[in-house]
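A.B. asks: This is the content of upload-v4.pdb (PDB, C-alpha atoms and all ligand atoms):
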```pdb
MODEL        1
ATOM      1  CA  MET A   1     -18.304  20.530  -2.345
ATOM      2  CA  ASP A   2     -15.225  18.413  -3.096
ATOM      3  CA  ARG A   3     -14.379  15.114  -1.377
ATOM      4  CA  GLN A   4     -11.378  16.611   0.458
ATOM      5  CA  ARG A   5     -13.449  19.346   2.077
ATOM      6  CA  ILE A   6     -16.143  16.865   3.073
ATOM      7  CA  SER A   7     -13.510  14.572   4.588
ATOM      8  CA  ALA A   8     -11.852  17.443   6.491
ATOM      9  CA  LEU A   9     -15.190  18.529   8.001
ATOM     10  CA  ALA A  10     -16.273  14.941   8.703
ATOM     11  CA  HIS A  11     -13.069  14.194  10.632
ATOM     12  CA  ALA A  12     -13.152  17.366  12.750
ATOM     13  CA  ASP A  13     -13.905  15.416  15.936
ATOM     14  CA  HIS A  14     -12.180  12.151  15.001
ATOM     15  CA  PRO A  15      -8.768  13.039  13.583
ATOM     16  CA  ILE A  16      -7.773   9.394  13.079
ATOM     17  CA  ALA A  17      -9.581   8.488   9.866
ATOM     18  CA  ALA A  18     -10.340   4.923  10.935
ATOM     19  CA  PRO A  19     -12.637   3.229  13.484
ATOM     20  CA  LEU A  20     -10.115   3.281  16.314
ATOM     21  CA  SER A  21     -10.473   4.828  19.763
ATOM     22  CA  ASP A  22      -7.703   6.919  21.332
ATOM     23  CA  ASN A  23      -6.918   3.993  23.652
ATOM     24  CA  SER A  24      -6.585   1.601  20.726
ATOM     25  CA  VAL A  25      -4.335   4.027  18.867
ATOM     26  CA  SER A  26      -2.062   4.383  21.924
ATOM     27  CA  ARG A  27      -1.940   0.641  22.519
ATOM     28  CA  LEU A  28      -1.164  -0.120  18.875
ATOM     29  CA  LEU A  29       1.558   2.534  18.766
ATOM     30  CA  GLY A  30       2.968   1.185  22.033
ATOM     31  CA  ARG A  31       3.276  -2.284  20.463
ATOM     32  CA  ALA A  32       4.630  -1.034  17.148
ATOM     33  CA  LEU A  33       7.215   1.455  18.472
ATOM     34  CA  ARG A  34      10.000  -0.755  19.766
ATOM     35  CA  ASP A  35      13.144   0.184  21.677
ATOM     36  CA  GLY A  36      15.453   1.806  19.154
ATOM     37  CA  THR A  37      12.686   2.895  16.760
ATOM     38  CA  GLU A  38      14.017   6.133  15.261
ATOM     39  CA  ARG A  39      12.557   6.605  11.809
ATOM     40  CA  ILE A  40       8.937   6.022  10.958
ATOM     41  CA  LEU A  41       7.001   6.457   7.717
ATOM     42  CA  ASP A  42       3.235   6.744   7.226
ATOM     43  CA  LEU A  43       1.935   5.946   3.727
ATOM     44  CA  GLY A  44      -1.439   7.682   3.250
ATOM     45  CA  CYS A  45      -0.910   9.654   6.465
ATOM     46  CA  GLY A  46      -3.975  11.916   6.154
ATOM     47  CA  ARG A  47      -3.679  14.588   8.868
ATOM     48  CA  GLY A  48      -0.527  12.947  10.217
ATOM     49  CA  GLU A  49      -2.246  12.132  13.511
ATOM     50  CA  TRP A  50      -0.427   8.799  13.991
ATOM     51  CA  LEU A  51       2.925  10.513  13.398
ATOM     52  CA  LEU A  52       2.054  13.359  15.765
ATOM     53  CA  ARG A  53       1.155  10.946  18.549
ATOM     54  CA  ALA A  54       4.267   8.836  17.936
ATOM     55  CA  ALA A  55       6.540  11.896  17.964
ATOM     56  CA  GLU A  56       4.904  13.242  21.131
ATOM     57  CA  GLU A  57       5.299   9.902  22.908
ATOM     58  CA  ARG A  58       8.856   9.188  21.701
ATOM     59  CA  PRO A  59      11.221  12.185  21.684
ATOM     60  CA  GLY A  60      13.800  10.231  19.637
ATOM     61  CA  VAL A  61      11.471   9.531  16.734
ATOM     62  CA  ARG A  62      11.718  11.284  13.365
ATOM     63  CA  ALA A  63       8.582  10.880  11.332
ATOM     64  CA  TYR A  64       7.780  11.108   7.638
ATOM     65  CA  GLY A  65       4.401  11.026   5.975
ATOM     66  CA  VAL A  66       2.977  11.123   2.464
ATOM     67  CA  ASP A  67      -0.591  11.697   1.314
ATOM     68  CA  LEU A  68      -2.200  12.420  -2.020
ATOM     69  CA  ASP A  69      -4.353  15.186  -0.560
ATOM     70  CA  ALA A  70      -2.292  18.397  -0.735
ATOM     71  CA  ASP A  71      -4.809  20.487   1.261
ATOM     72  CA  THR A  72      -4.788  17.978   4.110
ATOM     73  CA  ILE A  73      -0.981  17.976   4.116
ATOM     74  CA  THR A  74      -0.912  21.788   4.246
ATOM     75  CA  ARG A  75      -3.295  21.844   7.221
ATOM     76  CA  ALA A  76      -1.402  19.031   8.942
ATOM     77  CA  ARG A  77       1.891  20.939   8.584
ATOM     78  CA  GLN A  78       0.298  23.948  10.287
ATOM     79  CA  VAL A  79      -0.809  21.808  13.251
ATOM     80  CA  ILE A  80       2.601  20.136  13.487
ATOM     81  CA  THR A  81       4.397  23.496  13.423
ATOM     82  CA  ALA A  82       2.030  24.927  16.064
ATOM     83  CA  LYS A  83       2.874  21.961  18.300
ATOM     84  CA  GLY A  84       6.600  22.636  17.863
ATOM     85  CA  LEU A  85       7.231  19.358  16.029
ATOM     86  CA  GLY A  86       8.090  20.794  12.623
ATOM     87  CA  ASP A  87      11.726  19.724  12.887
ATOM     88  CA  ARG A  88      10.797  16.082  13.604
ATOM     89  CA  ILE A  89       7.851  15.447  11.296
ATOM     90  CA  ALA A  90       8.141  15.941   7.538
ATOM     91  CA  LEU A  91       5.077  15.566   5.350
ATOM     92  CA  VAL A  92       4.898  15.540   1.570
ATOM     93  CA  ALA A  93       1.924  15.683  -0.777
ATOM     94  CA  GLY A  94       2.066  12.932  -3.379
ATOM     95  CA  ASP A  95       1.346   9.367  -4.345
ATOM     96  CA  ALA A  96       2.466   6.925  -1.659
ATOM     97  CA  GLY A  97       3.294   4.413  -4.393
ATOM     98  CA  ALA A  98       5.859   6.783  -5.859
ATOM     99  CA  TYR A  99       7.353   7.864  -2.528
ATOM    100  CA  THR A 100      11.109   7.496  -2.334
ATOM    101  CA  ALA A 101      13.073   8.141   0.804
ATOM    102  CA  GLU A 102      16.779   8.173   1.556
ATOM    103  CA  ALA A 103      16.979   5.536   4.226
ATOM    104  CA  PRO A 104      14.899   2.600   5.449
ATOM    105  CA  PHE A 105      12.422   2.960   8.284
ATOM    106  CA  ASP A 106      12.110   1.084  11.570
ATOM    107  CA  LEU A 107       8.321   1.311  11.387
ATOM    108  CA  VAL A 108       6.070   1.790   8.358
ATOM    109  CA  LEU A 109       2.377   2.576   8.833
ATOM    110  CA  CYS A 110      -0.479   2.312   6.378
ATOM    111  CA  ILE A 111      -3.843   2.671   8.090
ATOM    112  CA  GLY A 112      -7.006   2.724   6.018
ATOM    113  CA  ALA A 113      -5.036   3.599   2.899
ATOM    114  CA  THR A 114      -4.248   0.210   1.345
ATOM    115  CA  HIS A 115      -6.382   1.147  -1.673
ATOM    116  CA  ALA A 116      -3.430   3.390  -2.610
ATOM    117  CA  PHE A 117      -1.542   0.197  -3.499
ATOM    118  CA  GLY A 118      -4.453  -1.966  -4.678
ATOM    119  CA  GLY A 119      -5.170  -3.823  -1.427
ATOM    120  CA  LEU A 120      -3.569  -5.291   1.657
ATOM    121  CA  LEU A 121      -1.055  -7.696   0.115
ATOM    122  CA  PRO A 122       0.220  -5.260  -2.548
ATOM    123  CA  THR A 123       0.584  -2.708   0.260
ATOM    124  CA  LEU A 124       2.729  -5.098   2.285
ATOM    125  CA  GLU A 125       4.816  -5.847  -0.787
ATOM    126  CA  ALA A 126       5.342  -2.112  -1.378
ATOM    127  CA  VAL A 127       6.187  -1.536   2.283
ATOM    128  CA  ARG A 128       9.139  -3.942   2.087
ATOM    129  CA  ARG A 129      11.315  -1.533   0.121
ATOM    130  CA  HIS A 130      10.980   1.075   2.879
ATOM    131  CA  LEU A 131      11.522  -1.267   5.822
ATOM    132  CA  ALA A 132      14.807  -1.609   7.718
ATOM    133  CA  PRO A 133      15.884  -5.192   8.479
ATOM    134  CA  GLY A 134      13.909  -6.321  11.525
ATOM    135  CA  GLY A 135      11.506  -3.380  11.176
ATOM    136  CA  SER A 136       7.791  -3.402  11.962
ATOM    137  CA  VAL A 137       4.673  -2.575   9.985
ATOM    138  CA  LEU A 138       1.431  -1.197  11.362
ATOM    139  CA  VAL A 139      -1.295  -1.809   8.826
ATOM    140  CA  GLY A 140      -5.059  -1.335   9.128
ATOM    141  CA  ASP A 141      -7.543  -2.690   6.628
ATOM    142  CA  GLY A 142     -11.106  -3.907   6.224
ATOM    143  CA  PHE A 143     -12.361  -7.472   6.415
ATOM    144  CA  TRP A 144     -15.793  -9.063   6.275
ATOM    145  CA  GLU A 145     -17.304  -9.727   9.698
ATOM    146  CA  ARG A 146     -19.981 -11.646   7.753
ATOM    147  CA  GLU A 147     -20.932 -12.178   4.121
ATOM    148  CA  PRO A 148     -21.776  -8.785   2.611
ATOM    149  CA  ASP A 149     -25.485  -8.511   1.854
ATOM    150  CA  GLN A 150     -27.145  -6.444  -0.866
ATOM    151  CA  GLY A 151     -27.253  -3.366   1.384
ATOM    152  CA  THR A 152     -23.476  -3.511   1.761
ATOM    153  CA  LEU A 153     -22.950  -3.995  -1.979
ATOM    154  CA  ASP A 154     -25.342  -1.110  -2.661
ATOM    155  CA  ALA A 155     -23.136   1.012  -0.378
ATOM    156  CA  GLY A 156     -20.369   0.607  -2.958
ATOM    157  CA  PHE A 157     -18.404  -2.428  -1.792
ATOM    158  CA  ALA A 158     -17.454  -5.486  -3.847
ATOM    159  CA  VAL A 159     -17.591  -9.006  -2.401
ATOM    160  CA  ASP A 160     -13.983  -9.750  -3.332
ATOM    161  CA  GLU A 161     -12.717  -6.495  -1.864
ATOM    162  CA  PHE A 162     -12.088  -8.204   1.481
ATOM    163  CA  ALA A 163     -12.054 -11.679   3.050
ATOM    164  CA  ASP A 164     -13.065 -12.891   6.496
ATOM    165  CA  LEU A 165     -10.672 -12.196   9.372
ATOM    166  CA  ALA A 166      -9.030 -15.631   9.507
ATOM    167  CA  THR A 167      -8.469 -15.689   5.751
ATOM    168  CA  THR A 168      -7.122 -12.143   5.845
ATOM    169  CA  VAL A 169      -4.565 -13.060   8.503
ATOM    170  CA  ASP A 170      -3.701 -16.366   6.758
ATOM    171  CA  ARG A 171      -2.932 -14.437   3.571
ATOM    172  CA  VAL A 172      -0.683 -12.025   5.441
ATOM    173  CA  VAL A 173       1.179 -14.918   7.077
ATOM    174  CA  ALA A 174       1.486 -16.734   3.736
ATOM    175  CA  ALA A 175       3.044 -13.565   2.286
ATOM    176  CA  GLY A 176       5.886 -13.874   4.788
ATOM    177  CA  TRP A 177       4.734 -11.764   7.740
ATOM    178  CA  THR A 178       4.316 -12.629  11.401
ATOM    179  CA  PRO A 179       1.671 -10.739  13.393
ATOM    180  CA  THR A 180       3.112  -9.616  16.721
ATOM    181  CA  TYR A 181      -0.088  -7.850  17.769
ATOM    182  CA  GLY A 182      -3.482  -7.010  16.383
ATOM    183  CA  HIS A 183      -6.676  -5.187  17.152
ATOM    184  CA  VAL A 184     -10.160  -5.753  15.742
ATOM    185  CA  SER A 185     -12.239  -2.590  15.934
ATOM    186  CA  THR A 186     -15.288  -3.022  18.146
ATOM    187  CA  VAL A 187     -18.805  -2.047  17.145
ATOM    188  CA  GLU A 188     -18.501   0.820  19.676
ATOM    189  CA  GLU A 189     -15.401   2.107  17.841
ATOM    190  CA  TRP A 190     -17.232   1.846  14.511
ATOM    191  CA  ASP A 191     -20.317   3.624  15.861
ATOM    192  CA  GLU A 192     -18.212   6.368  17.404
ATOM    193  CA  TYR A 193     -16.352   6.838  14.111
ATOM    194  CA  GLU A 194     -19.456   6.885  11.927
ATOM    195  CA  TRP A 195     -21.518   9.099  14.255
ATOM    196  CA  SER A 196     -18.546  11.494  14.390
ATOM    197  CA  TRP A 197     -18.144  11.422  10.599
ATOM    198  CA  THR A 198     -21.795  12.046   9.803
ATOM    199  CA  GLY A 199     -22.484  14.180  12.874
ATOM    200  CA  SER A 200     -19.556  16.604  12.476
ATOM    201  CA  LEU A 201     -20.392  17.171   8.836
ATOM    202  CA  SER A 202     -24.098  17.710   9.590
ATOM    203  CA  ARG A 203     -23.336  20.052  12.485
ATOM    204  CA  TRP A 204     -21.069  22.156  10.287
ATOM    205  CA  ALA A 205     -23.793  22.370   7.630
ATOM    206  CA  LEU A 206     -26.432  23.432  10.168
ATOM    207  CA  ASP A 207     -24.050  25.989  11.702
ATOM    208  CA  HIS A 208     -23.260  27.478   8.268
ATOM    209  CA  PRO A 209     -26.609  27.662   6.454
ATOM    210  CA  ASP A 210     -25.371  30.527   4.237
ATOM    211  CA  ASP A 211     -22.290  28.639   3.027
ATOM    212  CA  PRO A 212     -22.805  27.512  -0.600
ATOM    213  CA  GLY A 213     -21.591  24.046   0.421
ATOM    214  CA  SER A 214     -23.978  23.494   3.334
ATOM    215  CA  GLY A 215     -26.658  21.679   1.303
ATOM    216  CA  ALA A 216     -24.120  19.357  -0.284
ATOM    217  CA  ALA A 217     -22.566  18.669   3.132
ATOM    218  CA  LEU A 218     -25.943  17.711   4.637
ATOM    219  CA  GLY A 219     -26.619  15.492   1.633
ATOM    220  CA  ALA A 220     -23.221  13.784   1.883
ATOM    221  CA  ALA A 221     -23.727  13.136   5.610
ATOM    222  CA  ALA A 222     -27.187  11.637   4.999
ATOM    223  CA  GLU A 223     -25.907   9.449   2.158
ATOM    224  CA  HIS A 224     -23.002   8.195   4.274
ATOM    225  CA  ARG A 225     -25.292   7.501   7.247
ATOM    226  CA  THR A 226     -27.650   5.459   5.067
ATOM    227  CA  ALA A 227     -24.783   3.491   3.510
ATOM    228  CA  TRP A 228     -23.556   2.670   7.034
ATOM    229  CA  LEU A 229     -26.871   1.944   8.826
ATOM    230  CA  ARG A 230     -28.629   0.193   5.926
ATOM    231  CA  GLY A 231     -25.443  -1.282   4.543
ATOM    232  CA  TYR A 232     -22.111  -2.176   6.094
ATOM    233  CA  ARG A 233     -22.760  -1.745   9.847
ATOM    234  CA  ARG A 234     -21.685  -4.990  11.598
ATOM    235  CA  THR A 235     -20.657  -6.435   8.210
ATOM    236  CA  LEU A 236     -17.497  -4.481   7.442
ATOM    237  CA  GLY A 237     -14.799  -5.057  10.047
ATOM    238  CA  PHE A 238     -11.474  -3.302  10.513
ATOM    239  CA  VAL A 239      -8.311  -5.012  11.716
ATOM    240  CA  THR A 240      -5.034  -3.314  12.587
ATOM    241  CA  LEU A 241      -1.967  -5.562  12.664
ATOM    242  CA  VAL A 242       1.574  -5.115  13.918
ATOM    243  CA  LEU A 243       3.765  -7.226  11.626
ATOM    244  CA  ARG A 244       7.368  -8.251  11.196
ATOM    245  CA  ARG A 245       8.952 -10.269   8.417
ATOM    246  CA  THR A 246       9.037 -13.981   9.092
ATOM    247  CA  PRO A 247      12.650 -15.221   8.719
ATOM    248  CA  ASP A 248      12.973 -17.191   5.456
ATOM    249  CA  ASP A 249      13.863 -20.433   7.241
ATOM    250  CA  LYS A 250      10.740 -20.132   9.441
ATOM    251  CA  GLU A 251       8.269 -19.460   6.634
ATOM    252  CA  GLY A 252       5.484 -22.010   6.623
ATOM    253  CA  SER A 253       5.896 -22.834  10.304
ATOM    254  CA  GLU A 254       2.681 -20.947  11.077
ATOM    255  CA  ARG A 255       0.528 -22.860   8.605
ATOM    256  CA  PRO A 256      -2.970 -23.221  10.023
ATOM    257  CA  VAL A 257      -3.697 -26.606  11.557
ATOM    258  CA  SER A 258      -6.337 -28.358   9.468
ATOM    259  CA  ARG A 259      -9.174 -29.923  11.415
TER
HETATM  260  C1  LIG A 301      -9.024   6.682   5.432
HETATM  261  S1  LIG A 301      -7.770   7.896   5.224
HETATM  262  C2  LIG A 301      -6.589   7.356   6.462
HETATM  263  C3  LIG A 301      -5.659   8.462   6.898
HETATM  264  C4  LIG A 301      -4.680   8.081   8.021
HETATM  265  N1  LIG A 301      -3.887   6.907   7.686
HETATM  266  C5  LIG A 301      -5.384   7.860   9.336
HETATM  267  O1  LIG A 301      -5.410   6.711   9.832
HETATM  268  O2  LIG A 301      -5.885   8.847   9.904
HETATM  269  C6  LIG A 301      -6.995   7.393   3.708
HETATM  270  C7  LIG A 301      -5.948   8.372   3.223
HETATM  271  O3  LIG A 301      -5.259   7.792   2.117
HETATM  272  C8  LIG A 301      -4.931   8.858   1.240
HETATM  273  N2  LIG A 301      -4.601   8.297  -0.082
HETATM  274  C9  LIG A 301      -5.428   7.676  -0.958
HETATM  275  N3  LIG A 301      -4.736   7.281  -2.047
HETATM  276  C10 LIG A 301      -3.432   7.655  -1.844
HETATM  277  C11 LIG A 301      -2.232   7.532  -2.599
HETATM  278  N4  LIG A 301      -2.223   6.934  -3.793
HETATM  279  N5  LIG A 301      -1.089   8.023  -2.062
HETATM  280  C12 LIG A 301      -1.086   8.636  -0.861
HETATM  281  N6  LIG A 301      -2.198   8.782  -0.100
HETATM  282  C13 LIG A 301      -3.345   8.302  -0.588
HETATM  283  C14 LIG A 301      -6.157   9.740   1.264
HETATM  284  O4  LIG A 301      -5.884  11.050   0.800
HETATM  285  C15 LIG A 301      -6.516   9.696   2.750
HETATM  286  O5  LIG A 301      -5.909  10.746   3.464
ENDMDL
END
```
Is it possible to express this structure as structure tokens?
C.D. replies:
Amino acid sequence: MDRQRISALAHADHPIAAPLSDNSVSRLLGRALRDGTERILDLGCGRGEWLLRAAEERPGVRAYGVDLDADTITRARQVITAKGLGDRIALVAGDAGAYTAEAPFDLVLCIGATHAFGGLLPTLEAVRRHLAPGGSVLVGDGFWEREPDQGTLDAGFAVDEFADLATTVDRVVAAGWTPTYGHVSTVEEWDEYEWSWTGSLSRWALDHPDDPGSGAALGAAAEHRTAWLRGYRRTLGFVTLVLRRTPDDKEGSERPVSR
């Protein structure tokens, strides 16, 4: 069974592919969508769930999304059309790094997809060419809640993949961005996400014992559950930031106070 099918089944009950509750998603969108926000772009949009929610909440918004996974984009288009939003949300299948659009965007999102650009800071650098002057960014990425132990490394992570939260935010600020809001996913949000991921996939496998992919699906769910429970649970964090460019003459004014 290929990775895309596993991911589609695993996210059946948690369409946002990140450890964020519905309340957190609404609050973050509420902070990121400012008065006058008209055009928004989601890089690595997955099922387009952020764009759907933004378009439903803001009738004036036109939304664009790009994702490498063509099957996911096809399914997302069907959902968007069924909801009557096909004229306001346009999705394309392709590499977010190669995405070109006609005009800048008031808000650019990249949630859980910074690996598409090689990490958080390269993502923010890439976002700049899409961003209208004064525009906002909504970016979600991992950080280390604590030093990764062997279980976390065995789950496939590298120590230098992330930094602690304060260092992560310092790096973003040093790159010329000002956080205007942020959310750190709680352990409840993580548990809900991971139980949904592993549980939905397992349930599908048990409900479809004759499907040739059911054994692989059960195996993938078990492997993921072990990597989470014996590995990165309470070690890998997830932070979602609302950012705006720091004016050039103000850069450096937020340097951390040394103690
Ligand atoms: C963890 S999911 C997040 C999806 C979505 N942002 C969300 O919050 O629900 C990461 C997504 O990034 C996409 N992706 C990975 N590399 C990409 C690339 N180079 N260009 C576009 N999308 C990419 C994957 O296909 C996947 O849908």
A.B. asks: Ligand LIG 301 (chain A), all listed atoms, 8 Å padding on each side: what axis-aligned box centre and edge lengths in Å to one decimal come out, as lines of an AutoDock Vina configuration file?
C.D. replies:
```
center_x = -5.1
center_y = 8.9
center_z = 3.1
size_x = 23.9
size_y = 20.4
size_z = 29.7
```
A.B. asks: Distance limit 10 Å, reference ligand LIG 301 (chain A), atoms considered: all atoms listed in the file. Which residues make the cut? Give them as a ChimeraX atom specification.
C.D. replies: /A:3-4,7-8,11,14-20,25,42-51,65-73,92-99,109-118,139-141
A.B. asks: Take the PyMOL selection byres (((chain A and resi 36) around 10) and not hetatm), run it mentally on this structure, and tell me the resulting residues as a PDB file with C-alpha atoms, in the frame of the given file.
C.D. replies:
```
ATOM      1  CA  LEU A  33       7.215   1.455  18.472  1.00  0.00           C
ATOM      2  CA  ARG A  34      10.000  -0.755  19.766  1.00  0.00           C
ATOM      3  CA  ASP A  35      13.144   0.184  21.677  1.00  0.00           C
ATOM      4  CA  THR A  37      12.686   2.895  16.760  1.00  0.00           C
ATOM      5  CA  GLU A  38      14.017   6.133  15.261  1.00  0.00           C
ATOM      6  CA  ARG A  39      12.557   6.605  11.809  1.00  0.00           C
ATOM      7  CA  GLY A  60      13.800  10.231  19.637  1.00  0.00           C
ATOM      8  CA  VAL A  61      11.471   9.531  16.734  1.00  0.00           C
ATOM      9  CA  ASP A 106      12.110   1.084  11.570  1.00  0.00           C
TER      10      ASP A 106
END
```
A.B. asks: What's the separation between atom CA of Ala217 of chain A and atom CA of Gln150 of chain A, in Å to one decimal place?
C.D. replies: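 So the answer is 25.8 Å.
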A.B. asks: Might you pull out every residue within 6 Å of Leu131 of chain A, with only C-alpha atoms counted and same-chain residues fewer than 2 positions away left off, and present them as a ChimeraX atom specification?
C.D. replies: /A:104-105,128-129,135
A.B. asks: Got time to write the residues from that selection, C-alpha atoms, as a compact mmCIF listing (two decimals), in the coordinates of the input?
C.D. replies:
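Result saved to again.txt:
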```
# COMPACT_ATOMS: atom_id res chain seq x y z
CA PRO A 104 14.90 2.60 5.45
CA PHE A 105 12.42 2.96 8.28
CA ARG A 128 9.14 -3.94 2.09
CA ARG A 129 11.32 -1.53 0.12
CA GLY A 135 11.51 -3.38 11.18
```
A.B. asks: Just give me the gap between atom CA of Pro148 of chain A and atom CA of Thr235 of chain A in Å, one decimal is fine.
C.D. replies: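 Pair atom CA of Pro148 of chain A / atom CA of Thr235 of chain A returns 6.2 Å.
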A.B. asks: Which residue is closest to Leu165 of chain A? Choose from A:Gly199, A:Phe238, A:Ala32, A:Ala10 and count all atoms listed in the file.
C.D. replies: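 Between A:Gly199, A:Phe238, A:Ala32, A:Ala10, the residue approaching Leu165 of chain A most closely is A:Phe238.
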A.B. asks: Mind giving me the straight-line distance from atom CA of Pro209 of chain A to atom CA of Asp2 of chain A in Å, one decimal?
C.D. replies: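 Between atom CA of Pro209 of chain A and atom CA of Asp2 of chain A the gap is 17.5 Å.
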A.B. asks: Spell out the residues picked by the PyMOL selection byres (((chain A and resi 185) around 10) and not hetatm) here, as a list in words.
C.D. replies: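 On the file shown, the PyMOL selection byres (((chain A and resi 185) around 10) and not hetatm) covers Ala18, Pro19, Leu20, Ser21, Ser24, Gly140, Gly142, Gly182, His183, Val184, Thr186, Val187, Glu188, Glu189, Trp190, Gly237, Phe238, Val239 and Thr240 of chain A.
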A.B. asks: Can you pull out the residues contacting Trp197 of chain A? Cut-off 9 Å, using all atoms listed in the file, and skip same-chain residues under 3 positions away; I want them as a PyMOL selection string.
C.D. replies: chain A and resi 7+9-14+192-194+200-202+221+224-225
A.B. asks: Would you please work out which residue, of A:Ser214, A:Thr152, A:Thr178, A:Thr100, is nearest to Glu251 of chain A when using all atoms listed in the file?
C.D. replies: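 The answer is A:Thr178, which sits nearest to Glu251 of chain A.
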A.B. asks: Please write the residues picked by the PyMOL selection byres (((chain A and resi 155-161) around 10) and not hetatm) on this file as a list in words.
C.D. replies: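 Given this file, the PyMOL selection byres (((chain A and resi 155-161) around 10) and not hetatm) evaluates to His115, Gly118, Gly119, Leu120, Gly142, Phe143, Trp144, Glu147, Pro148, Asp149, Gln150, Gly151, Thr152, Leu153, Asp154, Phe162, Ala163, Glu223, His224, Thr226, Ala227, Trp228, Leu229, Arg230, Gly231, Tyr232 and Leu236 of chain A.
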A.B. asks: Between A:Lys250, A:Arg146, A:Arg53, A:Arg5, which is the closest to Ala220 of chain A once you count all atoms listed in the file?
C.D. replies: A:Arg5
A.B. asks: Ranking A:Val242, A:Ile89, A:Leu41, A:Ala166 by minimum distance to Ala103 of chain A and counting all atoms listed in the file, which one comes first?
C.D. replies: A:Leu41
A.B. asks: Of the residues A:Asp87, A:Glu102, A:Asp191, A:Asp207, which is the one nearest to His130 of chain A, using only C-alpha atoms?
C.D. replies: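 Result for the nearest residue to His130 of chain A: A:Glu102.
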